[in-house]
Structures are given as structure tokens and as C-alpha cells.
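**Student:** Provided herewith is a single structure, encoded as C-alpha cells, for subsequent inquiry.
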Amino acid sequence: MRQIPVDTSDATAMVAQAPEPKIRDRRTGEIATDAETGATLMTVSVMFALRGEVEILNITVPETGISGELPMGTPVALTGLIARPWENEFNGQKRHGIAFRAVAVTSLTAAASQAA
């Protein structure tokens with residue numbers, strides 16, 4: 001599957017919704033895990049602003065890549081952000097979109113307070 005790296009160097013990112021476990025199967029409540037490491041996957045909604053455009057991105061990140069508490073409004077750095085186009089068919093209807101995944105979502109306020 002094609003992965004497209006996302007340049008975040010000029011972007012501003014803030015938590016729109018705190019991390020929560022990614023659900024693999026809504027019927028059973030099964031939590032998604034990383035196929036390679038077995039780590040629990042989390043979903044973090046992030047306000048992503050770049051060149052006057054703002055979007056809310058739902059980013060999948062391993063639980064080990066989340067730095068501490070990330071309440072709404074926290075400015076964050078997105079490490080290793082990639083976009084992955086997807087397409088599927090469910091009940092005869094084709095759906096498509098872009099999934100986002102990051103290696104880590106790190107609070108910039110926690111990093112600033114540690115540096116001070």
C-alpha cells in the first residue's frame with residue numbers, strides 16, 4: 001500500500017480530541033493493535049493548520065508514541081506523519097479516503113516546560 005510522507009515543518013498542530021483506543025471491530029469492541037509490534041493503537045484528533053487552511057485529522061499512533069497527557073488544545077509535534085489512501089466496498093457501496101498515521105504525537109508544552 002502506498003504511503004505518502006507529510007511535511008509538518010511549517011504546520012501548526014493542536015489536539016482537537018484527546019487520544020482514545022482505536023476500535024478494530026465496533027461490534028465486539030476489539031481494540032486495534034500494531035501488526036508488527038503488538039502495541040495498542042490510539043486515535044488522536046488533531047487540528048492541522050498550514051498556509052491558512054485548517055483541517056481536523058484523525059491520526060493513528062501507537063500508544064507508546066503518545067507523550068503523557070494530551071488534553072484538547074495542546075500544541076503537538078507529529079513525528080513520522082504519513083498519509084495512506086484507502087478504498088473499500090461495503091454492502092455494494094464504494095468508499096474511499098485518506099488514513100493518517102504517525103510514529104509519535106508529542107506535547108510541545110511539556111517539552112517547553114522541561115527546557116525551562
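Just so we're on the same page: first chain in the C-alpha cells is A, next is B, and so on; residues restart at 1 for each chain, and ligands are numbered from 1 in the order they show up.
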Residues near Pro85 in chain A, anyone? I mean within 12 Å using only C-alpha atoms, not counting same-chain ones fewer than 3 positions away, as JSON, numbers by chain.
**Tutor:** {"A": [1, 2, 3, 4, 5, 82, 88, 95, 96, 97, 98, 99, 100, 101]}
**Student:** Would you put the residues from that selection into a file with N, CA, C and O atoms, as a PDB file, in the first residue's frame?
**Tutor:**
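File written: result_19.pdb
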```
ATOM      1  N   MET A   1       0.845  -1.170   0.000  1.00  0.00           N
ATOM      2  CA  MET A   1       0.000   0.000   0.000  1.00  0.00           C
ATOM      3  C   MET A   1       0.895   1.240   0.000  1.00  0.00           C
ATOM      4  O   MET A   1       1.883   1.310   0.705  1.00  0.00           O
ATOM      5  N   ARG A   2       0.535   2.205  -0.774  1.00  0.00           N
ATOM      6  CA  ARG A   2       1.322   3.421  -0.905  1.00  0.00           C
ATOM      7  C   ARG A   2       1.218   4.298   0.333  1.00  0.00           C
ATOM      8  O   ARG A   2       0.139   4.523   0.865  1.00  0.00           O
ATOM      9  N   GLN A   3       2.363   4.801   0.777  1.00  0.00           N
ATOM     10  CA  GLN A   3       2.417   5.709   1.910  1.00  0.00           C
ATOM     11  C   GLN A   3       3.050   7.007   1.447  1.00  0.00           C
ATOM     12  O   GLN A   3       4.073   6.990   0.778  1.00  0.00           O
ATOM     13  N   ILE A   4       2.447   8.126   1.816  1.00  0.00           N
ATOM     14  CA  ILE A   4       2.934   9.430   1.396  1.00  0.00           C
ATOM     15  C   ILE A   4       3.382  10.204   2.634  1.00  0.00           C
ATOM     16  O   ILE A   4       2.570  10.483   3.520  1.00  0.00           O
ATOM     17  N   PRO A   5       4.684  10.542   2.740  1.00  0.00           N
ATOM     18  CA  PRO A   5       5.141  11.318   3.898  1.00  0.00           C
ATOM     19  C   PRO A   5       4.519  12.716   3.883  1.00  0.00           C
ATOM     20  O   PRO A   5       4.367  13.320   2.822  1.00  0.00           O
ATOM     21  N   ILE A  82       2.401  10.104   8.048  1.00  0.00           N
ATOM     22  CA  ILE A  82       2.195   9.649   6.673  1.00  0.00           C
ATOM     23  C   ILE A  82       0.704   9.650   6.356  1.00  0.00           C
ATOM     24  O   ILE A  82      -0.132   9.546   7.248  1.00  0.00           O
ATOM     25  N   ASN A  88     -12.521   0.822  -0.142  1.00  0.00           N
ATOM     26  CA  ASN A  88     -13.131  -0.478   0.100  1.00  0.00           C
ATOM     27  C   ASN A  88     -14.576  -0.460  -0.375  1.00  0.00           C
ATOM     28  O   ASN A  88     -15.109   0.576  -0.742  1.00  0.00           O
ATOM     29  N   ARG A  95     -16.283   3.086  -0.883  1.00  0.00           N
ATOM     30  CA  ARG A  95     -15.873   4.188  -0.007  1.00  0.00           C
ATOM     31  C   ARG A  95     -14.384   4.387  -0.197  1.00  0.00           C
ATOM     32  O   ARG A  95     -13.659   3.453  -0.509  1.00  0.00           O
ATOM     33  N   HIS A  96     -13.936   5.616   0.023  1.00  0.00           N
ATOM     34  CA  HIS A  96     -12.512   5.896  -0.083  1.00  0.00           C
ATOM     35  C   HIS A  96     -12.163   7.081   0.814  1.00  0.00           C
ATOM     36  O   HIS A  96     -13.036   7.818   1.250  1.00  0.00           O
ATOM     37  N   GLY A  97     -10.887   7.217   1.093  1.00  0.00           N
ATOM     38  CA  GLY A  97     -10.448   8.323   1.926  1.00  0.00           C
ATOM     39  C   GLY A  97      -8.945   8.285   2.109  1.00  0.00           C
ATOM     40  O   GLY A  97      -8.236   7.585   1.388  1.00  0.00           O
ATOM     41  N   ILE A  98      -8.474   9.017   3.092  1.00  0.00           N
ATOM     42  CA  ILE A  98      -7.052   9.060   3.419  1.00  0.00           C
ATOM     43  C   ILE A  98      -6.924   8.778   4.905  1.00  0.00           C
ATOM     44  O   ILE A  98      -7.563   9.439   5.723  1.00  0.00           O
ATOM     45  N   ALA A  99      -6.104   7.785   5.251  1.00  0.00           N
ATOM     46  CA  ALA A  99      -5.820   7.470   6.656  1.00  0.00           C
ATOM     47  C   ALA A  99      -4.476   8.097   7.010  1.00  0.00           C
ATOM     48  O   ALA A  99      -3.547   8.102   6.202  1.00  0.00           O
ATOM     49  N   PHE A 100      -4.399   8.634   8.220  1.00  0.00           N
ATOM     50  CA  PHE A 100      -3.158   9.257   8.693  1.00  0.00           C
ATOM     51  C   PHE A 100      -2.597   8.439   9.840  1.00  0.00           C
ATOM     52  O   PHE A 100      -3.340   7.973  10.702  1.00  0.00           O
ATOM     53  N   ARG A 101      -1.280   8.280   9.819  1.00  0.00           N
ATOM     54  CA  ARG A 101      -0.598   7.549  10.885  1.00  0.00           C
ATOM     55  C   ARG A 101       0.694   8.266  11.226  1.00  0.00           C
ATOM     56  O   ARG A 101       1.353   8.814  10.343  1.00  0.00           O
TER      57      ARG A 101
END
```
**Student:** Could you list, as a list in words, every residue within 9 Å of range 65-79 of chain A, counting only C-alpha atoms and ignoring same-chain residues fewer than 4 positions away?
**Tutor:**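 Everything that qualifies: Thr8, Thr12, Ala13, Met14, Val15, Ala16, Gln17, Ala18, Pro19, Met42, Val44, Val46, Met47, Val61, Ala102, Val103, Ala104, Val105, Thr106, Ser107, Leu108, Thr109 and Ala110 of chain A.
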**Student:** Since we have the selection now, will you write its residues out, keeping N, CA and C atoms, as a compact mmCIF listing (two decimals), in the first residue's frame?
**Tutor:**
```txt
# COMPACT_ATOMS: atom_id res chain seq x y z
N THR A 8 5.48 18.35 7.98
CA THR A 8 4.81 19.11 9.04
C THR A 8 5.63 20.30 9.52
N THR A 12 1.03 24.03 12.00
CA THR A 12 0.70 24.13 13.42
C THR A 12 -0.30 23.02 13.71
N ALA A 13 -0.04 22.28 14.78
CA ALA A 13 -0.94 21.19 15.14
C ALA A 13 -1.31 21.29 16.61
N MET A 14 -2.60 21.11 16.89
CA MET A 14 -3.11 21.14 18.26
C MET A 14 -4.10 20.00 18.43
N VAL A 15 -4.13 19.44 19.63
CA VAL A 15 -5.06 18.34 19.92
C VAL A 15 -6.50 18.88 19.88
N ALA A 16 -7.33 18.22 19.07
CA ALA A 16 -8.75 18.58 19.00
C ALA A 16 -9.57 17.66 19.90
N GLN A 17 -9.10 16.41 20.06
CA GLN A 17 -9.75 15.47 20.96
C GLN A 17 -8.67 14.55 21.51
N ALA A 18 -8.67 14.35 22.80
CA ALA A 18 -7.64 13.55 23.48
C ALA A 18 -7.58 12.13 22.91
N PRO A 19 -6.42 11.49 23.01
CA PRO A 19 -6.26 10.13 22.48
C PRO A 19 -7.23 9.14 23.11
N MET A 42 -3.83 3.98 19.12
CA MET A 42 -4.68 5.05 19.62
C MET A 42 -5.06 5.96 18.46
N VAL A 44 -5.86 10.00 17.72
CA VAL A 44 -5.79 11.36 18.24
C VAL A 44 -6.34 12.29 17.16
N VAL A 46 -6.49 15.84 15.61
CA VAL A 46 -5.58 16.97 15.64
C VAL A 46 -6.06 18.04 14.67
N MET A 47 -6.06 19.32 15.13
CA MET A 47 -6.31 20.44 14.24
C MET A 47 -4.98 20.71 13.55
N VAL A 61 -1.78 6.34 16.06
CA VAL A 61 -0.43 6.34 16.62
C VAL A 61 -0.35 5.22 17.66
N ALA A 102 1.03 8.28 12.51
CA ALA A 102 2.27 8.91 12.96
C ALA A 102 3.02 7.95 13.88
N VAL A 103 4.33 8.13 13.94
CA VAL A 103 5.15 7.36 14.86
C VAL A 103 4.93 7.87 16.28
N ALA A 104 4.80 9.21 16.41
CA ALA A 104 4.61 9.81 17.73
C ALA A 104 3.85 11.12 17.64
N VAL A 105 3.10 11.42 18.71
CA VAL A 105 2.45 12.72 18.90
C VAL A 105 2.97 13.22 20.24
N THR A 106 3.73 14.32 20.19
CA THR A 106 4.44 14.82 21.36
C THR A 106 3.96 16.20 21.76
N SER A 107 3.65 16.38 23.03
CA SER A 107 3.22 17.68 23.54
C SER A 107 4.37 18.67 23.44
N LEU A 108 4.12 19.84 22.85
CA LEU A 108 5.14 20.89 22.79
C LEU A 108 5.16 21.69 24.08
N THR A 109 4.06 21.71 24.85
CA THR A 109 4.06 22.43 26.12
C THR A 109 4.88 21.68 27.16
N ALA A 110 4.82 20.35 27.14
CA ALA A 110 5.60 19.56 28.09
C ALA A 110 7.09 19.72 27.78
```
**Student:** Pick out the residues sitting within 12 Å of Gly52 in chain A, and hand them over as an MDAnalysis selection string; count only C-alpha atoms, and ignore anything fewer than 4 positions along from it in its own chain.
**Tutor:** chainID A and resid 10:12 48
**Student:** From a backbone DSSP assignment, name each residue in chain A labelled helix (DSSP H, G or I), as a list of chain:residue names.
**Tutor:** A:Glu63, A:Thr64, A:Gly65, A:Leu108, A:Thr109, A:Ala110, A:Ala111, A:Ala112, A:Ser113, A:Gln114, A:Ala115
**Student:** One number please: CA of Pro21 in chain A to CA of Gln93 in chain A, in Å, one decimal.
**Tutor:**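 Going from CA of Pro21 in chain A over to CA of Gln93 in chain A, I get 27.1 Å.
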**Student:** Between A:Phe90, A:Glu20, A:Asp25, A:Ile31, single out the one closest to Ser45 in chain A, counting only C-alpha atoms.
**Tutor:**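 Residue with the minimum atom-to-atom distance to Ser45 in chain A: A:Glu20.
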